[in-house]
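Visitor: This is the content of target_23.cif (mmCIF, C-alpha atoms and all ligand atoms):
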```
data_model
loop_
_atom_site.label_atom_id
_atom_site.label_comp_id
_atom_site.auth_asym_id
_atom_site.auth_seq_id
_atom_site.Cartn_x
_atom_site.Cartn_y
_atom_site.Cartn_z
CA MET A 434 23.67 18.31 -1.10
CA GLN A 435 23.84 18.99 -4.78
CA THR A 436 23.52 16.10 -7.23
CA ARG A 437 22.14 15.82 -10.76
CA VAL A 438 18.84 14.90 -9.08
CA THR A 439 18.60 18.07 -6.95
CA ASP A 440 19.51 20.16 -10.01
CA LEU A 441 16.94 18.45 -12.25
CA LEU A 442 14.10 18.62 -9.71
CA GLY A 443 14.95 21.98 -8.15
CA ILE A 444 15.07 20.61 -4.58
CA ASP A 445 17.52 21.05 -1.67
CA TYR A 446 17.98 17.39 -0.69
CA PRO A 447 18.12 14.40 -3.06
CA ILE A 448 15.20 12.73 -1.31
CA LEU A 449 11.86 11.84 -2.91
CA GLN A 450 8.83 10.77 -0.91
CA GLY A 451 7.48 7.90 -3.01
CA GLY A 452 3.95 8.27 -4.36
CA MET A 453 1.67 6.05 -2.25
CA ALA A 454 -1.93 5.38 -3.25
CA TRP A 455 -4.39 6.40 -0.47
CA VAL A 456 -1.42 7.43 1.72
CA SER A 457 0.51 10.32 0.16
CA THR A 458 -2.14 13.01 0.01
CA ALA A 459 -1.63 16.78 0.06
CA PRO A 460 -0.64 17.33 3.74
CA LEU A 461 2.25 14.81 3.58
CA VAL A 462 3.34 15.90 0.11
CA ALA A 463 3.35 19.60 1.00
CA ALA A 464 5.29 18.96 4.22
CA VAL A 465 7.97 16.99 2.36
CA SER A 466 8.35 19.61 -0.38
CA LYS A 467 8.37 22.43 2.17
CA ALA A 468 11.21 20.66 4.00
CA GLY A 469 13.35 20.74 0.85
CA ALA A 470 12.76 17.22 -0.53
CA LEU A 471 10.22 16.19 -3.20
CA GLY A 472 6.70 15.31 -2.08
CA ILE A 473 4.70 13.16 -4.50
CA ILE A 474 0.91 12.78 -4.53
CA GLY A 475 -0.17 9.14 -4.89
CA ALA A 476 -2.90 9.41 -7.52
CA GLY A 477 -3.78 5.68 -7.47
CA GLY A 478 -7.25 5.49 -5.90
CA MET A 479 -8.11 9.14 -6.75
CA ASP A 480 -10.53 10.24 -9.44
CA ALA A 481 -9.78 13.36 -11.51
CA ASN A 482 -11.47 15.76 -9.08
CA GLU A 483 -9.72 14.34 -6.03
CA LEU A 484 -6.39 14.59 -7.81
CA ARG A 485 -7.02 18.19 -8.84
CA GLU A 486 -8.10 19.05 -5.30
CA ASN A 487 -4.90 17.53 -3.86
CA ILE A 488 -2.76 19.48 -6.34
CA HIS A 489 -4.49 22.72 -5.32
CA GLN A 490 -4.03 21.91 -1.62
CA VAL A 491 -0.29 21.34 -2.06
CA ARG A 492 0.04 24.63 -3.95
CA ALA A 493 -1.87 26.44 -1.22
CA ILE A 494 0.76 25.32 1.32
CA THR A 495 4.00 25.59 -0.62
CA GLU A 496 5.43 26.97 -3.85
CA LYS A 497 8.18 24.33 -3.84
CA PRO A 498 8.26 21.63 -6.55
CA PHE A 499 6.16 18.50 -6.04
CA GLY A 500 5.13 15.53 -8.14
CA VAL A 501 2.22 13.23 -8.94
CA ASN A 502 2.57 9.44 -9.11
CA LEU A 503 0.37 7.82 -11.72
CA MET A 504 -0.45 4.13 -11.45
CA LEU A 505 -0.71 3.18 -15.11
CA LEU A 506 -3.26 0.41 -14.41
CA SER A 507 -5.64 2.79 -12.61
CA PRO A 508 -9.16 2.90 -14.08
CA HIS A 509 -8.89 6.72 -13.91
CA ILE A 510 -5.55 6.94 -15.70
CA ASN A 511 -6.72 8.84 -18.81
CA GLU A 512 -8.49 11.57 -16.84
CA GLN A 513 -5.55 11.78 -14.41
CA ILE A 514 -3.19 12.37 -17.36
CA GLU A 515 -5.37 15.28 -18.47
CA VAL A 516 -5.39 16.75 -14.95
CA VAL A 517 -1.60 16.73 -14.57
CA LYS A 518 -1.26 18.40 -17.98
CA GLU A 519 -3.92 21.03 -17.29
CA GLU A 520 -2.46 21.76 -13.86
CA ARG A 521 1.10 21.85 -15.23
CA VAL A 522 2.41 19.55 -12.52
CA PRO A 523 6.21 19.77 -12.83
CA ILE A 524 7.09 16.11 -12.18
CA VAL A 525 5.28 12.82 -12.76
CA THR A 526 6.50 9.45 -11.51
CA THR A 527 4.89 6.32 -12.87
CA GLY A 528 4.30 2.90 -11.34
CA ALA A 529 2.72 -0.38 -12.49
CA GLY A 530 3.81 -0.57 -16.09
CA ASN A 531 5.61 0.97 -19.03
CA PRO A 532 5.10 4.74 -19.41
CA ALA A 533 6.80 5.00 -22.84
CA ARG A 534 3.68 6.39 -24.56
CA LEU A 535 3.45 9.28 -22.06
CA ILE A 536 7.03 10.57 -21.99
CA ASP A 537 6.95 12.64 -25.18
CA ASP A 538 3.43 13.96 -24.57
CA PHE A 539 4.33 15.06 -21.03
CA SER A 540 7.59 16.58 -22.17
CA LYS A 541 5.68 18.79 -24.66
CA SER A 542 3.59 20.01 -21.69
CA GLY A 543 6.77 20.79 -19.71
CA ILE A 544 6.34 17.79 -17.41
CA LEU A 545 9.32 15.66 -16.40
CA THR A 546 8.52 11.93 -16.35
CA ILE A 547 10.50 9.80 -13.90
CA PRO A 548 9.51 6.13 -14.19
CA VAL A 549 9.75 3.70 -11.27
CA VAL A 550 11.40 0.61 -12.72
CA ALA A 551 12.48 -2.77 -11.36
CA SER A 552 14.60 -4.04 -14.28
CA VAL A 553 17.60 -2.80 -16.26
CA GLN A 554 16.03 -3.95 -19.53
CA LEU A 555 12.96 -1.70 -19.17
CA ALA A 556 15.17 1.15 -17.92
CA LYS A 557 17.31 1.01 -21.08
CA ARG A 558 14.21 1.06 -23.27
CA LEU A 559 12.85 4.12 -21.46
CA VAL A 560 16.15 5.97 -21.81
CA ARG A 561 15.70 5.65 -25.58
CA HIS A 562 12.34 7.44 -25.12
CA GLY A 563 14.18 10.42 -23.60
CA ILE A 564 13.75 10.16 -19.80
CA GLN A 565 16.20 12.26 -17.79
CA ALA A 566 16.20 10.31 -14.50
CA ILE A 567 14.90 6.99 -13.24
CA ILE A 568 13.85 5.40 -9.96
CA ALA A 569 15.30 1.91 -9.44
CA GLU A 570 12.96 0.16 -7.03
CA GLY A 571 14.10 -2.96 -5.21
CA MET A 572 11.88 -5.71 -3.84
CA GLU A 573 12.43 -4.63 -0.22
CA SER A 574 9.93 -1.82 -0.90
CA GLY A 575 6.40 -1.62 0.34
CA GLY A 576 3.59 -1.88 -2.22
CA HIS A 577 3.85 -3.36 -5.74
CA ILE A 578 7.35 -4.69 -6.30
CA GLY A 579 9.71 -6.38 -8.75
CA GLU A 580 12.01 -9.29 -8.03
CA ILE A 581 15.50 -7.80 -7.56
CA THR A 582 16.89 -6.32 -4.37
CA THR A 583 17.90 -2.65 -4.19
CA MET A 584 21.48 -3.74 -3.43
CA CYS A 585 21.72 -5.62 -6.74
CA LEU A 586 19.47 -3.47 -8.93
CA VAL A 587 20.94 -0.02 -8.27
CA PRO A 588 24.59 -0.64 -9.29
CA GLN A 589 23.49 -2.58 -12.39
CA MET A 590 21.19 0.29 -13.35
CA VAL A 591 23.96 2.85 -12.67
CA ASP A 592 26.40 0.94 -14.89
CA ALA A 593 23.89 0.54 -17.70
CA LEU A 594 22.62 4.14 -17.90
CA ASP A 595 24.07 7.62 -18.22
CA ILE A 596 21.14 9.35 -16.54
CA PRO A 597 20.92 9.76 -12.73
CA VAL A 598 19.49 6.82 -10.80
CA ILE A 599 17.34 7.29 -7.70
CA ALA A 600 17.36 4.27 -5.38
CA ALA A 601 14.12 3.07 -3.76
CA GLY A 602 13.39 0.22 -1.38
CA GLY A 603 14.73 -0.45 2.08
CA ILE A 604 16.00 3.04 2.86
CA GLY A 605 14.82 4.26 6.26
CA ASP A 606 17.66 6.39 7.60
CA GLY A 607 20.88 8.19 6.64
CA ARG A 608 22.90 4.97 6.69
CA GLY A 609 20.62 3.48 4.04
CA MET A 610 20.87 6.68 2.05
CA ALA A 611 24.69 6.58 2.21
CA ALA A 612 24.62 2.92 1.11
CA ALA A 613 22.50 3.86 -1.90
CA PHE A 614 24.96 6.61 -2.80
CA ALA A 615 27.84 4.12 -2.43
CA LEU A 616 26.09 2.03 -5.09
CA GLY A 617 26.08 5.02 -7.41
CA ALA A 618 22.61 6.45 -6.78
CA GLU A 619 22.28 10.24 -6.86
CA GLY A 620 19.02 10.35 -4.94
CA VAL A 621 16.74 8.16 -2.86
CA GLN A 622 13.00 7.53 -2.87
CA ILE A 623 11.47 6.67 0.48
CA GLY A 624 7.98 5.36 1.23
CA THR A 625 7.56 3.43 4.46
CA ARG A 626 9.54 5.85 6.70
CA PHE A 627 7.28 8.73 5.59
CA VAL A 628 4.14 6.70 6.38
CA CYS A 629 5.16 7.06 10.04
CA SER A 630 5.19 10.86 10.01
CA ASN A 631 2.81 13.25 11.78
CA GLU A 632 1.65 14.76 8.51
CA CYS A 633 0.65 11.44 6.89
CA GLN A 634 -3.15 11.42 7.09
CA ILE A 635 -3.91 7.74 7.60
CA HIS A 636 -5.51 5.73 10.39
CA PRO A 637 -3.21 5.60 13.45
CA PHE A 638 -3.50 1.79 13.61
CA TYR A 639 -1.67 1.59 10.24
CA LYS A 640 1.29 3.59 11.57
CA GLN A 641 1.28 1.58 14.82
CA ALA A 642 1.39 -1.70 12.89
CA ILE A 643 4.63 -0.53 11.24
CA ILE A 644 6.07 0.61 14.59
CA ASP A 645 5.21 -2.80 16.11
CA SER A 646 6.83 -4.73 13.28
CA GLN A 647 10.21 -6.44 13.08
CA ASP A 648 12.64 -7.49 10.38
CA ARG A 649 10.57 -10.51 9.27
CA SER A 650 7.15 -8.90 9.56
CA THR A 651 6.50 -8.37 5.84
CA ILE A 652 5.53 -10.86 3.14
CA MET A 653 4.97 -10.78 -0.63
CA THR A 654 1.45 -11.64 -1.72
CA GLY A 655 0.04 -12.25 -5.19
CA MET A 656 3.24 -13.76 -6.64
CA SER A 657 1.21 -16.05 -8.90
CA THR A 658 -0.70 -13.13 -10.44
CA GLY A 659 2.50 -11.53 -11.71
CA HIS A 660 1.78 -8.41 -9.61
CA PRO A 661 3.36 -9.10 -6.22
CA VAL A 662 2.74 -6.73 -3.33
CA ARG A 663 4.76 -6.38 -0.11
CA CYS A 664 2.77 -5.78 3.04
CA LEU A 665 2.75 -6.65 6.74
CA LYS A 666 1.77 -10.21 7.65
CA ASN A 667 -1.79 -10.42 9.00
CA LYS A 668 -5.04 -12.39 8.61
CA LEU A 669 -5.39 -11.16 5.01
CA THR A 670 -1.92 -12.33 3.97
CA ARG A 671 -2.63 -15.76 5.50
CA LYS A 672 -5.73 -15.95 3.28
CA PHE A 673 -3.55 -15.07 0.27
CA GLU A 674 -1.09 -17.81 1.22
CA GLU A 675 -3.93 -20.31 1.55
CA LEU A 676 -5.44 -19.38 -1.83
CA GLU A 677 -2.05 -19.47 -3.55
CA SER A 678 -1.20 -22.87 -2.05
CA LEU A 679 -4.50 -24.17 -3.47
CA ARG A 680 -3.41 -22.74 -6.85
CA ALA A 681 -6.48 -20.52 -7.00
CA SER A 682 -7.14 -18.63 -10.22
CA ARG A 683 -5.66 -15.19 -10.81
CA GLU A 684 -9.19 -13.70 -10.70
CA GLU A 685 -9.85 -15.19 -7.25
CA ILE A 686 -6.56 -13.90 -5.87
CA GLU A 687 -7.07 -10.43 -7.34
CA ALA A 688 -10.61 -10.34 -5.97
CA LEU A 689 -9.26 -11.02 -2.48
CA GLY A 690 -6.95 -8.00 -2.75
CA SER A 691 -9.58 -5.59 -4.04
CA GLY A 692 -10.20 -2.54 -1.80
CA ARG A 693 -7.90 -3.85 0.93
CA LEU A 694 -5.40 -0.97 1.01
CA ARG A 695 -8.24 1.52 1.46
CA ARG A 696 -9.61 -0.65 4.27
CA ALA A 697 -6.31 -0.53 6.17
CA VAL A 698 -5.57 3.14 5.47
CA CYS A 699 -9.03 4.62 6.03
CA GLU A 700 -10.69 2.19 8.46
CA GLY A 701 -7.58 1.11 10.36
CA ASP A 702 -8.39 -2.57 9.74
CA VAL A 703 -4.83 -3.88 10.01
CA GLU A 704 -5.94 -7.54 10.08
CA GLU A 705 -8.24 -7.79 7.05
CA GLY A 706 -6.77 -4.80 5.20
CA SER A 707 -3.57 -4.66 3.16
CA VAL A 708 -0.93 -2.88 5.26
CA MET A 709 1.55 -2.14 2.49
CA ALA A 710 4.97 -1.51 4.01
CA GLY A 711 8.59 -2.33 3.23
CA GLN A 712 11.12 -4.59 4.91
CA ILE A 713 12.61 -1.51 6.55
CA SER A 714 9.51 -1.35 8.81
CA GLY A 715 11.44 -3.08 11.59
CA LEU A 716 13.81 -0.09 11.75
CA ILE A 717 11.02 2.43 12.32
CA HIS A 718 10.26 3.06 15.98
CA ASP A 719 8.53 6.43 16.09
CA ILE A 720 6.15 8.86 14.42
CA LYS A 721 7.58 12.33 13.97
CA PRO A 722 7.32 15.44 11.81
CA VAL A 723 8.49 15.15 8.22
CA SER A 724 11.09 17.91 8.69
CA ASP A 725 12.67 15.97 11.59
CA ILE A 726 12.79 12.78 9.50
CA ILE A 727 14.57 14.61 6.68
CA GLN A 728 16.97 16.55 8.91
CA GLN A 729 17.92 13.43 10.87
CA MET A 730 18.46 11.51 7.65
CA ILE A 731 20.82 14.17 6.30
CA GLU A 732 22.77 14.28 9.60
CA GLU A 733 23.09 10.49 9.66
CA PHE A 734 24.12 10.50 6.01
CA ASP A 735 26.90 13.03 6.74
CA ASN A 736 28.04 11.09 9.83
CA THR A 737 28.11 7.81 7.91
CA ILE A 738 30.18 9.29 5.11
CA ALA A 739 32.55 10.89 7.67
CA GLN A 740 32.96 7.57 9.49
CA LEU A 741 33.73 5.73 6.26
CA THR A 742 36.30 8.36 5.30
CA LEU A 743 37.94 7.99 8.72
CA PHE A 744 38.03 4.23 8.26
CA GLN A 745 39.78 4.69 4.94
CA LYS A 746 42.48 6.92 6.51
CA GLU A 747 43.18 4.44 9.33
C1 LIG B 1 1.65 2.15 1.52
C2 LIG B 1 2.43 2.23 0.25
C3 LIG B 1 1.76 2.52 -0.94
C4 LIG B 1 2.48 2.62 -2.14
N1 LIG B 1 1.81 2.98 -3.28
C5 LIG B 1 2.51 3.22 -4.43
C6 LIG B 1 1.85 3.74 -5.58
O1 LIG B 1 0.65 4.01 -5.56
N2 LIG B 1 2.59 3.94 -6.70
C7 LIG B 1 3.95 3.68 -6.74
O2 LIG B 1 4.59 3.88 -7.79
N3 LIG B 1 4.59 3.17 -5.66
C8 LIG B 1 3.92 2.98 -4.51
N4 LIG B 1 4.58 2.56 -3.37
C9 LIG B 1 6.07 2.46 -3.41
C10 LIG B 1 6.72 3.78 -2.91
O3 LIG B 1 6.44 4.85 -3.77
C11 LIG B 1 8.24 3.66 -2.76
O4 LIG B 1 8.87 3.43 -3.99
C12 LIG B 1 8.62 2.54 -1.80
O5 LIG B 1 7.81 2.63 -0.66
C13 LIG B 1 10.09 2.64 -1.41
O6 LIG B 1 10.45 1.61 -0.55
P1 LIG B 1 10.36 1.70 1.07
O7 LIG B 1 8.94 1.45 1.40
O8 LIG B 1 11.26 0.62 1.52
O9 LIG B 1 10.82 3.07 1.46
C14 LIG B 1 3.88 2.42 -2.16
C15 LIG B 1 4.54 2.09 -0.97
C16 LIG B 1 3.83 2.01 0.22
C17 LIG B 1 4.59 1.69 1.50
#
```
Please express the file's structure as structure tokens.
Ligand SMILES: Cc1cc2nc3c(=O)[nH]c(=O)nc-3n(C[C@H](O)[C@H](O)[C@H](O)COP(=O)(O)O)c2cc1C

Guide:
Amino acid sequence: MQTRVTDLLGIDYPILQGGMAWVSTAPLVAAVSKAGALGIIGAGGMDANELRENIHQVRAITEKPFGVNLMLLSPHINEQIEVVKEERVPIVTTGAGNPARLIDDFSKSGILTIPVVASVQLAKRLVRHGIQAIIAEGMESGGHIGEITTMCLVPQMVDALDIPVIAAGGIGDGRGMAAAFALGAEGVQIGTRFVCSNECQIHPFYKQAIIDSQDRSTIMTGMSTGHPVRCLKNKLTRKFEELESLRASREEIEALGSGRLRRAVCEGDVEEGSVMAGQISGLIHDIKPVSDIIQQMIEEFDNTIAQLTLFQKE
């Protein structure tokens, strides 16, 4: 499966495992990269030492390419930037903001910056800063999101840019991957499906909550703060809804969200914690090894394309 994305990243399959704070640590990342896709360490929530340790752990397991996702609003962002440069991490993806100031600096250190973006306007601006690929993330995704669906964002991004577009949000199997390619994407970034893998080192209750979920199980919280987050409905999200209906201040709403992802991931508190997950959760029914997830996705992708071709001939 060769696309401009596999060529640029040096991977076998055009699949990226999205960086996920607290969730995508070295064992998951190494397993994904070893299986021929791109594993990405979620640096949000890590201090410099933890990030360095995770980078070393990935390298101890595989020599394949991997990436680091930097959350630009992280309190540790400056030290994390130094770590990825010192460690010569090949690929950095960025979330939560505009990475324009980093692109040139990283490029001088031989690091490829691939921003995660939810609007065509920001994408165009970043192309002028010299990025070579971009991740278009739709609002079906788990975690921090924008306001446009993957279905609408990807083709608009493809039409507006000459660089390869990687589609993220709502892709959980090979059919979703084929749909993204039909929209013009040359790669996909997947988060929620990889959460339910054997190698993902989080509390089992978190994975089970995704398995137990259905199509309407997620909700967006924090809309009024300008930083909406998609997660599974639970006691915490009801508190968010209550606060937002009372038009609580931004500070109050942000305070309610503080430390909640860690609580769900590490303590397994799926009622009072933030169980970040995408709308595709309802499609996920099992926990299996990363290599099986990837292989099955590629098979389904091939079958879907074959079926569509058949349809065209008839
Ligand atoms: C639990 C969880 C945590 C996430 N954390 C981050 C993060 O720290 N940085 C980031 O850029 N995106 C983050 N995301 C988004 C993913 O990297 C990815 O783009 C998204 O999950 C794709 O959509 P999907 O969940 O429908 O597959 C997170 C997603 C999930 C589910």

Visitor: For ligand LIG 1 (chain B), return the neighbouring residues as a ChimeraX atom specification (distance at most 8 Å; all atoms listed in the file).

Guide: /A:450-457,475-477,502-504,526-529,549,570-571,573-578,601-605,622-628,664,694,708-714

Visitor: Return the single residue from A:Ile448, A:Ala464, A:Ile488, A:Leu545 that is closest to Gly609 in chain A, with distances computed using all atoms listed in the file.

Guide: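 Residue with the minimum atom-to-atom distance to Gly609 in chain A: A:Ile448.
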
Visitor: What is the CA of Val501 in chain A-CA of Ile474 in chain A distance in Å, reported with one decimal?

Guide: 4.6 Å

Visitor: Counting only C-alpha atoms, note down every residue that has an atom within 12 Å of the point (29.4, 4.9, -0.2) (file coordinates), as a PyMOL selection string.

Guide: chain A and resi 588+607-619+734-742+745

Visitor: Rank nothing, just name the residue among A:Ala566, A:Arg696, A:Ala681, A:Val525 nearest to Thr436 in chain A, using all atoms listed in the file.

Guide: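 The answer is A:Ala566, which sits nearest to Thr436 in chain A.
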
Visitor: List as a tab-separated table every residue of range 456-538 of chain A that is in contact with range 632-638 of chain A, defined as an atom at most 10 Å from one of its atoms (using all atoms listed in the file), together with the nearest atom pair and the distance in Å rounded to one decimal, sorted by chain and then rising number.

Guide:
```
residue	atom	partner	partner_atom	distance
A:Val456	CA	A:Ile635	CA	6.4
A:Ser457	CA	A:Cys633	CA	6.8
A:Thr458	CA	A:Gln634	CA	7.3
A:Ala459	CA	A:Cys633	CA	9.0
A:Pro460	CA	A:Glu632	CA	5.9
A:Leu461	CA	A:Glu632	CA	5.0
A:Val462	CA	A:Cys633	CA	8.5
A:Ala463	CA	A:Glu632	CA	9.1
A:Ala464	CA	A:Glu632	CA	7.0
A:Val465	CA	A:Glu632	CA	9.1
```

Visitor: With distances taken over all atoms listed in the file, which of A:Ile524, A:Val598, A:Ala551, A:Ile643 is nearest to Arg437 in chain A?

Guide: A:Val598

Visitor: In file coordinates, which residues lie within 9 Å of (8.0, 11.4, -22.6) using all atoms listed in the file, given as a compact mmCIF listing (two decimals) with C-alpha atoms, in the frame of the given file?

Guide:
```txt
# COMPACT_ATOMS: atom_id res chain seq x y z
CA PRO A 532 5.10 4.74 -19.41
CA ALA A 533 6.80 5.00 -22.84
CA ARG A 534 3.68 6.39 -24.56
CA LEU A 535 3.45 9.28 -22.06
CA ILE A 536 7.03 10.57 -21.99
CA ASP A 537 6.95 12.64 -25.18
CA ASP A 538 3.43 13.96 -24.57
CA PHE A 539 4.33 15.06 -21.03
CA SER A 540 7.59 16.58 -22.17
CA LYS A 541 5.68 18.79 -24.66
CA ILE A 544 6.34 17.79 -17.41
CA LEU A 545 9.32 15.66 -16.40
CA THR A 546 8.52 11.93 -16.35
CA LEU A 559 12.85 4.12 -21.46
CA HIS A 562 12.34 7.44 -25.12
CA GLY A 563 14.18 10.42 -23.60
CA ILE A 564 13.75 10.16 -19.80
```

Visitor: Determine the nearest neighbour of Ile494 in chain A from the options A:Leu442, A:Lys467, A:Glu580, A:Asn511, counting only C-alpha atoms.

Guide: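 Counting only C-alpha atoms, the residue closest to Ile494 in chain A is A:Lys467.
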
Visitor: Would you work out the distance separating CA of Ala593 in chain A from CA of Arg561 in chain A, expressed in Å to one decimal?

Guide: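 That distance, rounded to one decimal, is 12.5 Å.
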
Visitor: Grab the CA of Leu689 in chain A to CA of Asn667 in chain A distance for me, in Å with one decimal place.

Guide: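 The value is 13.7 Å.
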